[in-house]
Amino acid sequence: MRSISSSVHAFLIIVALLESTDTTSVELPGSSDLESKARSLLDDLSKQSSEKCTESVFASWAYYTNITDENKEKMLELNLEFSKWEKGAWKQVMEWKDRWPQLKNDTLKREFKLLSILGTSALDEADLEKFNHINVDMTSIYSKAKICDFKDKTKCDLKLEPEIKKLLTKSRNVDELNYVWTEWRDQTGKKMRELYKQFVKLSNKAAKLNGFDNMGDMWIMPYESDTFRQDVDDLWTQLKPLYRQIHAYVRRKLREVYSKDVISKRGPIPANLMGNMWAQSWSEVSDLMVPYPKKSFPDIDAELKAQGYTTLQMFELSDEYFKSLNLTEMPEPFWKHSMIERPDDRDVVCHASAWDFCNGVDFRIKQCTSLTMKDLITVHHEMGHIQYYLQYKHLPAVFRAGANPGFHEAVGDTLALSVSTPKHLHKIGLLKELHKDKEVDINYLMKMALDKIVFLPFSVLMDRWRWDVFSGKNHEDNWNCAWWKLRYELQGIKPPHQARTENDFDPGAKYHIPANVPYVRYFISFVLQFQFHKALCGLADQYDPQDPSKPLHQCDIYQSTTAGNAFADLLKLGSSKHWSVALKALTGEDKIDASAIKEYFKPLEEWLIEDNTKHGEFIGWEKDGDYCIGEKTDDDPSPSGGQSLLFSSWYILVLIFTLCFQSLVR
Ligand SMILES: *[C@@H]1O[C@H](CO)[C@@H](O)[C@H](O)[C@H]1NC(C)=O
Ligand SMILES: *[C@@H]1O[C@H](CO)[C@@H](O)[C@H](O)[C@H]1NC(C)=O
Ligand SMILES: *[C@@H]1O[C@H](CO)[C@@H](O)[C@H](O)[C@H]1NC(C)=O
Ligand SMILES: [Zn+2]
């Protein structure tokens, strides 16, 4: 591939020389000549971009797996170089502005279309570096954050992973949970509020110079839809009734554990009791919510430990599953260079991620893996990203991306829907006995829902908040209260212990805010993965809507090459076609649609309605206090424009970087 492309390049130079000397030549065969010129330019840009990208990603990897000032400087330097190159490349693309619409070949046209979005004006290097540093500094504050122990305040080295995460899952001491929850926010978000202000200004300036009204609009560009925000709202509206049923059920169960002062009958639920720092998933405390305790779901974490599993074996298990579907196995360099455990001799960015080094050879995962079922699922999630990278590595650089960002997030999760079934866990020896009855089913579906359904409102609000920040609808004096308004309205949760203020910056306590990763992709993924699952299960002959013995939630596509080959066909397209084309080829549907996820959870939804009715539970939540002080009563729509700052294309680089080369766990 590479040698072909450089010989084409050499050929082009010769042709160009000939043309420039032979001014009297007769008309060239117009369109095919245009096509071949276009193809040469695009091939050349793809090759150069891959090489620049490789250098830059290697430097980023060095920093992310070893946070030192030296590595940071090196990374910033190479990223700056990459963005300079991108600027030049964009200029070359824009020279084709009037010609590329005439091309006959749709693939070439699409390449131009996607590349032309990288448009920038003159680049001020000092400002570029400034913005660059803001991003790195915010991520660094987050990644280095440590808090003190609740009981022993001299012990101040508790990290999010693993100590704090573990504590949130295990502790039932409300005072301790309040302390840890608040302290984490003091050590992260609160420290970056000023940086975030500068970041927003620069982002918007960048978006404007790209022809977008603000950065929120630019973020949704990869979804290639004029109705995207409305579509997200519509999907959420369809799933909200099920969420409210789960919410009511969980609130009742928590009342049995904690006192009535902590949890009211009709109010929102305190955010720190769900075993997760952001209450984005509640499955970490699913042991408190088991519908049929006598049929309790066995503890897979204990089983993993009892069987002496290693973190490496968790990755091998996942690789084996992909291979059983005739998908691509992880290449040798993956095993050699991935970081699958937290090293104890240095600071690293622990947040799990999957890396594409843009050279068709190096693909790596960085994860501080622990021996838990939850992390086994995360391993599959990250492996799904790598699988996508492997499947589309032959494409031009600009197409090496998910059909849309939600697709990228959905790959590994789709497989994990099969892997986590009791049927499959039994097959691989992690579940000793397999009982089949309605009660076991409901227990299983509850556990899944505490993750898959509970996550939905959180994944909507993360970007709804940022969309409104970028558009100026959320004024910077009101950022934290706007955040809590959404947390209350969408999730039905409230701050624990006492009201938050505008001295806090709670959005910043979640990785994707400082790391500047758009989030609605996870919402799309959570709906889409059930659509994928349903189609693949049909192909694997493990699901039949007419046959009650083959419900969607029991399907395991293990070893189905028919399903795997069909999935590979979708992945191979990368972003070379509009996502609706890729979706239609696999599922027959060209819209992202909630019916598959609803069908999956149907038995649980019916059970919940009955159970909540039986207990006379209030469905929904009512305000029972102040959750954030400093709320402005009047709408102040004045946008926070950063007119004084020059545009920097770094932002776009970051956007592309996170879209294409580094995919993160939610
Ligand atoms: C971490 O980076 C420093 C350079 O800042 C280097 O000297 C050191 O060897 C690196 N450590 C590891 C384990 O790679
Ligand atoms: C369009 O161009 C691409 C990339 O060069 C090529 O692979 C494809 O075959 C072309 N399609 C047609 C219909 O010529
Ligand atoms: C597995 O995939 C390859 C392409 O990657 C294909 O050629 C082969 O036929 C597939 N095998 C089966 C059993 O489907
Ligand atoms: Zn991911």
# chains A, B, ... in the order shown; residues from 1 in each chain; ligands from 1
call {"tool": "residues_near_ligand", "arguments": {"ligand": "ligand 2", "cutoff": "9 Å", "atoms": "only C-alpha atoms and all ligand atoms", "output": "list in words"}}
result
Glu35, Ser36, Ala38, Arg39, Ser40, Leu42, Asp43, Lys104, Asn105, Asp106, Thr107, Leu108, Lys109 and Pro396 of chain A
call {"tool": "write_last_selection", "arguments": {"atoms": "N, CA, C and O atoms", "output": "mmCIF file, in the first residue's frame"}}
result
data_model
loop_
_atom_site.group_PDB
_atom_site.id
_atom_site.type_symbol
_atom_site.label_atom_id
_atom_site.label_comp_id
_atom_site.auth_asym_id
_atom_site.auth_seq_id
_atom_site.Cartn_x
_atom_site.Cartn_y
_atom_site.Cartn_z
ATOM 1 N N GLU A 35 -9.833 12.780 -11.847
ATOM 2 C CA GLU A 35 -9.960 11.708 -10.861
ATOM 3 C C GLU A 35 -8.589 11.169 -10.442
ATOM 4 O O GLU A 35 -8.353 10.913 -9.269
ATOM 5 N N SER A 36 -7.727 10.978 -11.415
ATOM 6 C CA SER A 36 -6.445 10.384 -11.037
ATOM 7 C C SER A 36 -5.590 11.371 -10.251
ATOM 8 O O SER A 36 -4.857 10.994 -9.347
ATOM 9 N N ALA A 38 -6.839 13.639 -8.269
ATOM 10 C CA ALA A 38 -7.463 13.653 -6.946
ATOM 11 C C ALA A 38 -7.008 12.448 -6.137
ATOM 12 O O ALA A 38 -6.628 12.573 -4.968
ATOM 13 N N ARG A 39 -7.012 11.311 -6.798
ATOM 14 C CA ARG A 39 -6.640 10.086 -6.101
ATOM 15 C C ARG A 39 -5.200 10.160 -5.607
ATOM 16 O O ARG A 39 -4.898 9.756 -4.487
ATOM 17 N N SER A 40 -4.327 10.712 -6.431
ATOM 18 C CA SER A 40 -2.923 10.826 -6.020
ATOM 19 C C SER A 40 -2.774 11.737 -4.812
ATOM 20 O O SER A 40 -2.052 11.415 -3.869
ATOM 21 N N LEU A 42 -4.991 12.470 -2.566
ATOM 22 C CA LEU A 42 -5.590 11.861 -1.378
ATOM 23 C C LEU A 42 -4.728 10.717 -0.848
ATOM 24 O O LEU A 42 -4.545 10.576 0.363
ATOM 25 N N ASP A 43 -4.184 9.914 -1.750
ATOM 26 C CA ASP A 43 -3.304 8.821 -1.320
ATOM 27 C C ASP A 43 -2.092 9.378 -0.588
ATOM 28 O O ASP A 43 -1.680 8.871 0.458
ATOM 29 N N LYS A 104 -16.640 12.088 -10.265
ATOM 30 C CA LYS A 104 -17.695 11.105 -10.462
ATOM 31 C C LYS A 104 -17.704 10.075 -9.330
ATOM 32 O O LYS A 104 -18.737 9.543 -8.975
ATOM 33 N N ASN A 105 -16.493 9.816 -8.835
ATOM 34 C CA ASN A 105 -16.364 8.744 -7.853
ATOM 35 C C ASN A 105 -16.786 9.230 -6.447
ATOM 36 O O ASN A 105 -16.182 10.126 -5.864
ATOM 37 N N ASP A 106 -17.804 8.591 -5.896
ATOM 38 C CA ASP A 106 -18.372 9.029 -4.616
ATOM 39 C C ASP A 106 -17.407 8.869 -3.444
ATOM 40 O O ASP A 106 -17.456 9.637 -2.483
ATOM 41 N N THR A 107 -16.575 7.842 -3.531
ATOM 42 C CA THR A 107 -15.620 7.621 -2.444
ATOM 43 C C THR A 107 -14.636 8.788 -2.352
ATOM 44 O O THR A 107 -14.351 9.297 -1.263
ATOM 45 N N LEU A 108 -14.141 9.198 -3.518
ATOM 46 C CA LEU A 108 -13.204 10.332 -3.528
ATOM 47 C C LEU A 108 -13.879 11.600 -3.019
ATOM 48 O O LEU A 108 -13.320 12.366 -2.241
ATOM 49 N N LYS A 109 -15.102 11.786 -3.484
ATOM 50 C CA LYS A 109 -15.863 12.961 -3.039
ATOM 51 C C LYS A 109 -15.994 12.992 -1.525
ATOM 52 O O LYS A 109 -15.851 14.024 -0.888
ATOM 53 N N PRO A 396 -8.110 4.537 3.556
ATOM 54 C CA PRO A 396 -7.410 5.814 3.695
ATOM 55 C C PRO A 396 -7.620 6.371 5.097
ATOM 56 O O PRO A 396 -8.667 6.132 5.715
#
call {"tool": "select_by_dssp", "arguments": {"residues": "region 292-528 of chain A", "states": "strand (DSSP E)", "output": "number ranges by chain"}}
result
A: 353-356, 363-366, 493-494, 500-501
call {"tool": "write_last_selection", "arguments": {"atoms": "N, CA and C atoms", "output": "PDB file, in the first residue's frame"}}
result
ATOM      1  N   SER A 353      -8.311   2.780  27.716  1.00  0.00           N
ATOM      2  CA  SER A 353      -8.422   3.274  26.346  1.00  0.00           C
ATOM      3  C   SER A 353      -7.783   2.302  25.361  1.00  0.00           C
ATOM      4  N   ALA A 354      -8.211   2.411  24.110  1.00  0.00           N
ATOM      5  CA  ALA A 354      -7.699   1.555  23.038  1.00  0.00           C
ATOM      6  C   ALA A 354      -7.026   2.441  21.998  1.00  0.00           C
ATOM      7  N   TRP A 355      -5.842   2.082  21.572  1.00  0.00           N
ATOM      8  CA  TRP A 355      -5.003   2.972  20.750  1.00  0.00           C
ATOM      9  C   TRP A 355      -4.716   2.404  19.379  1.00  0.00           C
ATOM     10  N   ASP A 356      -4.830   3.277  18.383  1.00  0.00           N
ATOM     11  CA  ASP A 356      -4.457   2.966  17.015  1.00  0.00           C
ATOM     12  C   ASP A 356      -3.257   3.847  16.672  1.00  0.00           C
ATOM     13  N   PHE A 363      -1.288  -1.634  17.738  1.00  0.00           N
ATOM     14  CA  PHE A 363      -2.596  -1.378  18.350  1.00  0.00           C
ATOM     15  C   PHE A 363      -2.449  -1.787  19.809  1.00  0.00           C
ATOM     16  N   ARG A 364      -2.869  -0.947  20.699  1.00  0.00           N
ATOM     17  CA  ARG A 364      -2.637  -1.270  22.111  1.00  0.00           C
ATOM     18  C   ARG A 364      -3.817  -0.865  22.994  1.00  0.00           C
ATOM     19  N   ILE A 365      -3.911  -1.549  24.129  1.00  0.00           N
ATOM     20  CA  ILE A 365      -4.855  -1.155  25.170  1.00  0.00           C
ATOM     21  C   ILE A 365      -4.061  -0.713  26.387  1.00  0.00           C
ATOM     22  N   LYS A 366      -4.586   0.316  27.025  1.00  0.00           N
ATOM     23  CA  LYS A 366      -4.030   0.771  28.293  1.00  0.00           C
ATOM     24  C   LYS A 366      -5.156   0.682  29.299  1.00  0.00           C
ATOM     25  N   ILE A 493     -31.469  12.155  40.538  1.00  0.00           N
ATOM     26  CA  ILE A 493     -30.546  12.076  41.661  1.00  0.00           C
ATOM     27  C   ILE A 493     -30.242  13.481  42.176  1.00  0.00           C
ATOM     28  N   LYS A 494     -29.663  13.529  43.367  1.00  0.00           N
ATOM     29  CA  LYS A 494     -29.337  14.818  43.976  1.00  0.00           C
ATOM     30  C   LYS A 494     -27.982  14.703  44.662  1.00  0.00           C
ATOM     31  N   ARG A 500     -24.740  21.828  46.528  1.00  0.00           N
ATOM     32  CA  ARG A 500     -23.506  22.248  45.874  1.00  0.00           C
ATOM     33  C   ARG A 500     -23.582  23.752  45.591  1.00  0.00           C
ATOM     34  N   THR A 501     -22.447  24.336  45.251  1.00  0.00           N
ATOM     35  CA  THR A 501     -22.426  25.770  44.961  1.00  0.00           C
ATOM     36  C   THR A 501     -21.666  26.026  43.669  1.00  0.00           C
TER      37      THR A 501
END
call {"tool": "select_by_dssp", "arguments": {"residues": "region 535-637 of chain A", "states": "helix (DSSP H, G or I)", "output": "VMD selection string"}}
result
chain A and resid 535 to 539 552 to 554 561 to 572 579 to 587 595 to 614
call {"tool": "write_last_selection", "arguments": {"atoms": "C-alpha atoms", "output": "PDB file, in the first residue's frame"}}
result
ATOM      1  CA  ALA A 535     -29.358  -8.863  14.066  1.00  0.00           C
ATOM      2  CA  LEU A 536     -26.347 -10.999  14.960  1.00  0.00           C
ATOM      3  CA  CYS A 537     -28.414 -13.294  17.176  1.00  0.00           C
ATOM      4  CA  GLY A 538     -30.792 -13.838  14.269  1.00  0.00           C
ATOM      5  CA  LEU A 539     -27.875 -14.745  12.013  1.00  0.00           C
ATOM      6  CA  LEU A 552     -33.043 -11.876  22.924  1.00  0.00           C
ATOM      7  CA  HIS A 553     -31.556 -11.643  26.415  1.00  0.00           C
ATOM      8  CA  GLN A 554     -30.437 -15.266  26.459  1.00  0.00           C
ATOM      9  CA  THR A 561     -18.988 -17.324  11.909  1.00  0.00           C
ATOM     10  CA  THR A 562     -22.141 -16.276  10.061  1.00  0.00           C
ATOM     11  CA  ALA A 563     -22.725 -13.549  12.625  1.00  0.00           C
ATOM     12  CA  GLY A 564     -19.037 -12.674  12.814  1.00  0.00           C
ATOM     13  CA  ASN A 565     -18.624 -12.336   9.053  1.00  0.00           C
ATOM     14  CA  ALA A 566     -21.640 -10.044   8.816  1.00  0.00           C
ATOM     15  CA  PHE A 567     -20.269  -7.909  11.647  1.00  0.00           C
ATOM     16  CA  ALA A 568     -16.869  -7.764   9.933  1.00  0.00           C
ATOM     17  CA  ASP A 569     -18.533  -6.498   6.754  1.00  0.00           C
ATOM     18  CA  LEU A 570     -19.899  -3.538   8.706  1.00  0.00           C
ATOM     19  CA  LEU A 571     -16.612  -2.827  10.492  1.00  0.00           C
ATOM     20  CA  LYS A 572     -14.579  -2.970   7.289  1.00  0.00           C
ATOM     21  CA  TRP A 579     -23.620   5.152   8.897  1.00  0.00           C
ATOM     22  CA  SER A 580     -27.158   4.398   7.762  1.00  0.00           C
ATOM     23  CA  VAL A 581     -25.719   2.362   4.866  1.00  0.00           C
ATOM     24  CA  ALA A 582     -23.558   0.289   7.198  1.00  0.00           C
ATOM     25  CA  LEU A 583     -26.441  -0.189   9.616  1.00  0.00           C
ATOM     26  CA  LYS A 584     -28.835  -1.258   6.916  1.00  0.00           C
ATOM     27  CA  ALA A 585     -26.474  -3.894   5.546  1.00  0.00           C
ATOM     28  CA  LEU A 586     -26.371  -5.605   8.941  1.00  0.00           C
ATOM     29  CA  THR A 587     -29.819  -5.007  10.390  1.00  0.00           C
ATOM     30  CA  SER A 595     -37.166  -1.302  19.781  1.00  0.00           C
ATOM     31  CA  ALA A 596     -34.385  -3.884  20.237  1.00  0.00           C
ATOM     32  CA  ILE A 597     -33.311  -2.613  23.666  1.00  0.00           C
ATOM     33  CA  LYS A 598     -36.974  -2.403  24.696  1.00  0.00           C
ATOM     34  CA  GLU A 599     -37.618  -5.941  23.555  1.00  0.00           C
ATOM     35  CA  TYR A 600     -34.561  -7.184  25.462  1.00  0.00           C
ATOM     36  CA  PHE A 601     -35.804  -5.704  28.742  1.00  0.00           C
ATOM     37  CA  LYS A 602     -39.509  -6.358  28.193  1.00  0.00           C
ATOM     38  CA  PRO A 603     -39.776  -9.165  30.776  1.00  0.00           C
ATOM     39  CA  LEU A 604     -38.101  -6.958  33.380  1.00  0.00           C
ATOM     40  CA  GLU A 605     -40.269  -3.972  32.596  1.00  0.00           C
ATOM     41  CA  GLU A 606     -43.417  -6.025  33.137  1.00  0.00           C
ATOM     42  CA  TRP A 607     -42.033  -7.411  36.368  1.00  0.00           C
ATOM     43  CA  LEU A 608     -41.096  -3.943  37.646  1.00  0.00           C
ATOM     44  CA  ILE A 609     -44.486  -2.427  36.919  1.00  0.00           C
ATOM     45  CA  GLU A 610     -46.091  -5.220  38.905  1.00  0.00           C
ATOM     46  CA  ASP A 611     -43.601  -5.042  41.768  1.00  0.00           C
ATOM     47  CA  ASN A 612     -43.720  -1.242  42.101  1.00  0.00           C
ATOM     48  CA  THR A 613     -47.505  -1.320  42.027  1.00  0.00           C
ATOM     49  CA  LYS A 614     -47.561  -4.021  44.697  1.00  0.00           C
TER      50      LYS A 614
END
call {"tool": "closest_residue", "arguments": {"among": "A:Pro162, A:Pro241, A:Gly216, A:Gly406", "to": "ligand 4", "atoms": "only C-alpha atoms and all ligand atoms"}}
result
A:Gly406
call {"tool": "residues_near_ligand", "arguments": {"ligand": "ligand 1", "cutoff": "6 Å", "atoms": "only C-alpha atoms and all ligand atoms", "output": "ChimeraX atom specification"}}
result
/A:66,68,70-71
call {"tool": "residues_around", "arguments": {"residues": "Ser575 (chain A)", "least_positions_apart": "4", "cutoff": "8 Å", "atoms": "only C-alpha atoms", "output": "JSON, numbers by chain"}}
result
{"A": [398, 399, 400, 401, 402, 403, 404, 579]}
call {"tool": "write_last_selection", "arguments": {"atoms": "N, CA and C atoms", "output": "mmCIF file, in the first residue's frame"}}
result
data_model
loop_
_atom_site.group_PDB
_atom_site.id
_atom_site.type_symbol
_atom_site.label_atom_id
_atom_site.label_comp_id
_atom_site.auth_asym_id
_atom_site.auth_seq_id
_atom_site.Cartn_x
_atom_site.Cartn_y
_atom_site.Cartn_z
ATOM 1 N N VAL A 398 -8.562 9.017 6.447
ATOM 2 C CA VAL A 398 -9.763 9.782 6.788
ATOM 3 C C VAL A 398 -10.976 8.882 7.026
ATOM 4 N N PHE A 399 -10.944 7.661 6.495
ATOM 5 C CA PHE A 399 -12.045 6.713 6.719
ATOM 6 C C PHE A 399 -11.780 5.760 7.880
ATOM 7 N N ARG A 400 -10.623 5.889 8.504
ATOM 8 C CA ARG A 400 -10.334 5.000 9.627
ATOM 9 C C ARG A 400 -10.993 5.534 10.888
ATOM 10 N N ALA A 401 -12.293 5.390 10.937
ATOM 11 C CA ALA A 401 -13.095 5.857 12.061
ATOM 12 C C ALA A 401 -14.380 5.047 12.063
ATOM 13 N N GLY A 402 -15.118 5.130 13.140
ATOM 14 C CA GLY A 402 -16.394 4.453 13.184
ATOM 15 C C GLY A 402 -17.370 5.067 12.178
ATOM 16 N N ALA A 403 -18.373 4.286 11.754
ATOM 17 C CA ALA A 403 -19.390 4.813 10.845
ATOM 18 C C ALA A 403 -19.965 6.096 11.442
ATOM 19 N N ASN A 404 -20.186 6.085 12.734
ATOM 20 C CA ASN A 404 -20.268 7.314 13.533
ATOM 21 C C ASN A 404 -19.691 6.964 14.902
ATOM 22 N N TRP A 579 -23.360 6.242 7.962
ATOM 23 C CA TRP A 579 -23.620 5.152 8.897
ATOM 24 C C TRP A 579 -24.915 4.396 8.618
#
call {"tool": "atom_distance", "arguments": {"atom1": "CA of Asp231 (chain A)", "atom2": "CA of Val527 (chain A)"}}
result
11.9 Å
call {"tool": "atom_distance", "arguments": {"atom1": "CA of Ser296 (chain A)", "atom2": "CA of Tyr444 (chain A)"}}
result
9.1 Å
call {"tool": "closest_atom_pairs", "arguments": {"of": "chain A", "to": "ligand 4", "cutoff": "12 Å", "atoms": "only C-alpha atoms and all ligand atoms", "output": "CSV"}}
result
residue,atom,partner,partner_atom_place_in_ligand_line,distance
A:His351,CA,ligand 4,1 (Zn),10.5
A:Ala352,CA,ligand 4,1 (Zn),8.2
A:Ser353,CA,ligand 4,1 (Zn),6.8
A:Ala354,CA,ligand 4,1 (Zn),7.4
A:Trp355,CA,ligand 4,1 (Zn),10.5
A:Ile365,CA,ligand 4,1 (Zn),10.9
A:Lys366,CA,ligand 4,1 (Zn),11.8
A:Gln367,CA,ligand 4,1 (Zn),11.7
A:Ile377,CA,ligand 4,1 (Zn),11.4
A:Thr378,CA,ligand 4,1 (Zn),8.6
A:Val379,CA,ligand 4,1 (Zn),10.1
A:His380,CA,ligand 4,1 (Zn),9.9
A:His381,CA,ligand 4,1 (Zn),6.2
A:Glu382,CA,ligand 4,1 (Zn),6.0
A:Met383,CA,ligand 4,1 (Zn),9.2
A:Gly384,CA,ligand 4,1 (Zn),8.2
A:His385,CA,ligand 4,1 (Zn),6.7
A:Ile386,CA,ligand 4,1 (Zn),10.0
A:Gln387,CA,ligand 4,1 (Zn),11.9
A:Tyr388,CA,ligand 4,1 (Zn),11.2
A:Gly402,CA,ligand 4,1 (Zn),11.3
A:Pro405,CA,ligand 4,1 (Zn),9.4
A:Gly406,CA,ligand 4,1 (Zn),9.1
A:Phe407,CA,ligand 4,1 (Zn),9.9
A:His408,CA,ligand 4,1 (Zn),7.0
A:Glu409,CA,ligand 4,1 (Zn),4.7
A:Ala410,CA,ligand 4,1 (Zn),7.9
A:Val411,CA,ligand 4,1 (Zn),9.0
A:Gly412,CA,ligand 4,1 (Zn),8.3
A:Asp413,CA,ligand 4,1 (Zn),9.0
A:His512,CA,ligand 4,1 (Zn),11.4
A:Val517,CA,ligand 4,1 (Zn),10.6
A:Pro518,CA,ligand 4,1 (Zn),11.4
A:Tyr519,CA,ligand 4,1 (Zn),10.2
A:Val520,CA,ligand 4,1 (Zn),11.9
A:Arg521,CA,ligand 4,1 (Zn),9.1
A:Tyr522,CA,ligand 4,1 (Zn),8.0
A:Phe523,CA,ligand 4,1 (Zn),11.6
A:Ser525,CA,ligand 4,1 (Zn),9.5
A:Phe526,CA,ligand 4,1 (Zn),11.4
A:Thr658,CA,ligand 4,1 (Zn),10.3
A:Leu659,CA,ligand 4,1 (Zn),10.1
A:Cys660,CA,ligand 4,1 (Zn),11.2
A:Phe661,CA,ligand 4,1 (Zn),11.2
A:Gln662,CA,ligand 4,1 (Zn),8.6
A:Ser663,CA,ligand 4,1 (Zn),4.9
A:Leu664,CA,ligand 4,1 (Zn),4.0
A:Val665,CA,ligand 4,1 (Zn),4.0
A:Arg666,CA,ligand 4,1 (Zn),6.1
call {"tool": "residues_around", "arguments": {"residues": "region 258-260 of chain A", "least_positions_apart": "5", "cutoff": "12 Å", "atoms": "only C-alpha atoms", "output": "ChimeraX atom specification"}}
result
/A:171-175,250-253,265-267,269-270,273-274,288
call {"tool": "write_last_selection", "arguments": {"atoms": "N, CA, C and O atoms", "output": "PDB file, in the first residue's frame"}}
result
ATOM      1  N   SER A 171     -18.385   0.164  50.700  1.00  0.00           N
ATOM      2  CA  SER A 171     -18.773   0.881  51.913  1.00  0.00           C
ATOM      3  C   SER A 171     -20.288   1.127  51.973  1.00  0.00           C
ATOM      4  O   SER A 171     -20.911   1.476  50.974  1.00  0.00           O
ATOM      5  N   ARG A 172     -20.857   0.966  53.167  1.00  0.00           N
ATOM      6  CA  ARG A 172     -22.263   1.316  53.381  1.00  0.00           C
ATOM      7  C   ARG A 172     -22.363   2.400  54.460  1.00  0.00           C
ATOM      8  O   ARG A 172     -23.426   2.637  55.004  1.00  0.00           O
ATOM      9  N   ASN A 173     -21.232   3.013  54.760  1.00  0.00           N
ATOM     10  CA  ASN A 173     -21.154   4.061  55.769  1.00  0.00           C
ATOM     11  C   ASN A 173     -21.399   5.421  55.096  1.00  0.00           C
ATOM     12  O   ASN A 173     -20.554   5.920  54.352  1.00  0.00           O
ATOM     13  N   VAL A 174     -22.575   5.993  55.353  1.00  0.00           N
ATOM     14  CA  VAL A 174     -22.973   7.206  54.644  1.00  0.00           C
ATOM     15  C   VAL A 174     -21.982   8.356  54.856  1.00  0.00           C
ATOM     16  O   VAL A 174     -21.661   9.091  53.925  1.00  0.00           O
ATOM     17  N   ASP A 175     -21.453   8.495  56.080  1.00  0.00           N
ATOM     18  CA  ASP A 175     -20.503   9.576  56.338  1.00  0.00           C
ATOM     19  C   ASP A 175     -19.249   9.418  55.487  1.00  0.00           C
ATOM     20  O   ASP A 175     -18.732  10.384  54.937  1.00  0.00           O
ATOM     21  N   VAL A 250     -35.217   0.868  42.834  1.00  0.00           N
ATOM     22  CA  VAL A 250     -33.927   1.030  43.503  1.00  0.00           C
ATOM     23  C   VAL A 250     -34.071   1.919  44.741  1.00  0.00           C
ATOM     24  O   VAL A 250     -33.499   1.638  45.793  1.00  0.00           O
ATOM     25  N   ARG A 251     -34.867   2.968  44.622  1.00  0.00           N
ATOM     26  CA  ARG A 251     -35.080   3.864  45.765  1.00  0.00           C
ATOM     27  C   ARG A 251     -35.690   3.094  46.936  1.00  0.00           C
ATOM     28  O   ARG A 251     -35.311   3.276  48.088  1.00  0.00           O
ATOM     29  N   ARG A 252     -36.612   2.187  46.628  1.00  0.00           N
ATOM     30  CA  ARG A 252     -37.213   1.378  47.697  1.00  0.00           C
ATOM     31  C   ARG A 252     -36.159   0.457  48.316  1.00  0.00           C
ATOM     32  O   ARG A 252     -36.052   0.344  49.538  1.00  0.00           O
ATOM     33  N   LYS A 253     -35.379  -0.184  47.476  1.00  0.00           N
ATOM     34  CA  LYS A 253     -34.355  -1.097  47.987  1.00  0.00           C
ATOM     35  C   LYS A 253     -33.324  -0.360  48.843  1.00  0.00           C
ATOM     36  O   LYS A 253     -32.868  -0.881  49.862  1.00  0.00           O
ATOM     37  N   LYS A 265     -39.233   8.844  50.158  1.00  0.00           N
ATOM     38  CA  LYS A 265     -40.108   7.997  49.356  1.00  0.00           C
ATOM     39  C   LYS A 265     -40.348   8.555  47.962  1.00  0.00           C
ATOM     40  O   LYS A 265     -40.568   7.824  47.019  1.00  0.00           O
ATOM     41  N   ARG A 266     -40.368   9.877  47.858  1.00  0.00           N
ATOM     42  CA  ARG A 266     -40.731  10.485  46.575  1.00  0.00           C
ATOM     43  C   ARG A 266     -39.650  11.380  45.975  1.00  0.00           C
ATOM     44  O   ARG A 266     -39.833  11.956  44.915  1.00  0.00           O
ATOM     45  N   GLY A 267     -38.536  11.513  46.665  1.00  0.00           N
ATOM     46  CA  GLY A 267     -37.493  12.432  46.194  1.00  0.00           C
ATOM     47  C   GLY A 267     -36.491  11.752  45.271  1.00  0.00           C
ATOM     48  O   GLY A 267     -36.563  10.554  45.020  1.00  0.00           O
ATOM     49  N   ILE A 269     -32.643  10.364  44.386  1.00  0.00           N
ATOM     50  CA  ILE A 269     -31.743   9.519  45.185  1.00  0.00           C
ATOM     51  C   ILE A 269     -30.385  10.213  45.331  1.00  0.00           C
ATOM     52  O   ILE A 269     -29.881  10.772  44.364  1.00  0.00           O
ATOM     53  N   PRO A 270     -29.790  10.208  46.534  1.00  0.00           N
ATOM     54  CA  PRO A 270     -28.447  10.793  46.691  1.00  0.00           C
ATOM     55  C   PRO A 270     -27.444  10.109  45.753  1.00  0.00           C
ATOM     56  O   PRO A 270     -27.475   8.895  45.585  1.00  0.00           O
ATOM     57  N   LEU A 273     -24.648   6.738  46.559  1.00  0.00           N
ATOM     58  CA  LEU A 273     -24.976   5.443  47.166  1.00  0.00           C
ATOM     59  C   LEU A 273     -25.031   4.305  46.159  1.00  0.00           C
ATOM     60  O   LEU A 273     -25.389   3.183  46.492  1.00  0.00           O
ATOM     61  N   MET A 274     -24.685   4.580  44.914  1.00  0.00           N
ATOM     62  CA  MET A 274     -24.850   3.568  43.877  1.00  0.00           C
ATOM     63  C   MET A 274     -23.568   2.851  43.494  1.00  0.00           C
ATOM     64  O   MET A 274     -23.511   2.164  42.489  1.00  0.00           O
ATOM     65  N   LEU A 288     -27.554  -5.303  46.373  1.00  0.00           N
ATOM     66  CA  LEU A 288     -28.633  -4.740  47.201  1.00  0.00           C
ATOM     67  C   LEU A 288     -29.987  -4.777  46.495  1.00  0.00           C
ATOM     68  O   LEU A 288     -31.015  -4.510  47.106  1.00  0.00           O
TER      69      LEU A 288
END
call {"tool": "residues_around", "arguments": {"residues": "Val349 (chain A)", "least_positions_apart": "3", "cutoff": "10 Å", "atoms": "only C-alpha atoms", "output": "list in words"}}
result
Trp61, Tyr63, Tyr64, Thr65, Asn66, Ile67, Thr139, Ser140, Tyr142, Ser143, Lys144, Arg342, Ala352, Ser353, Lys366, Gln367 and Cys368 of chain A
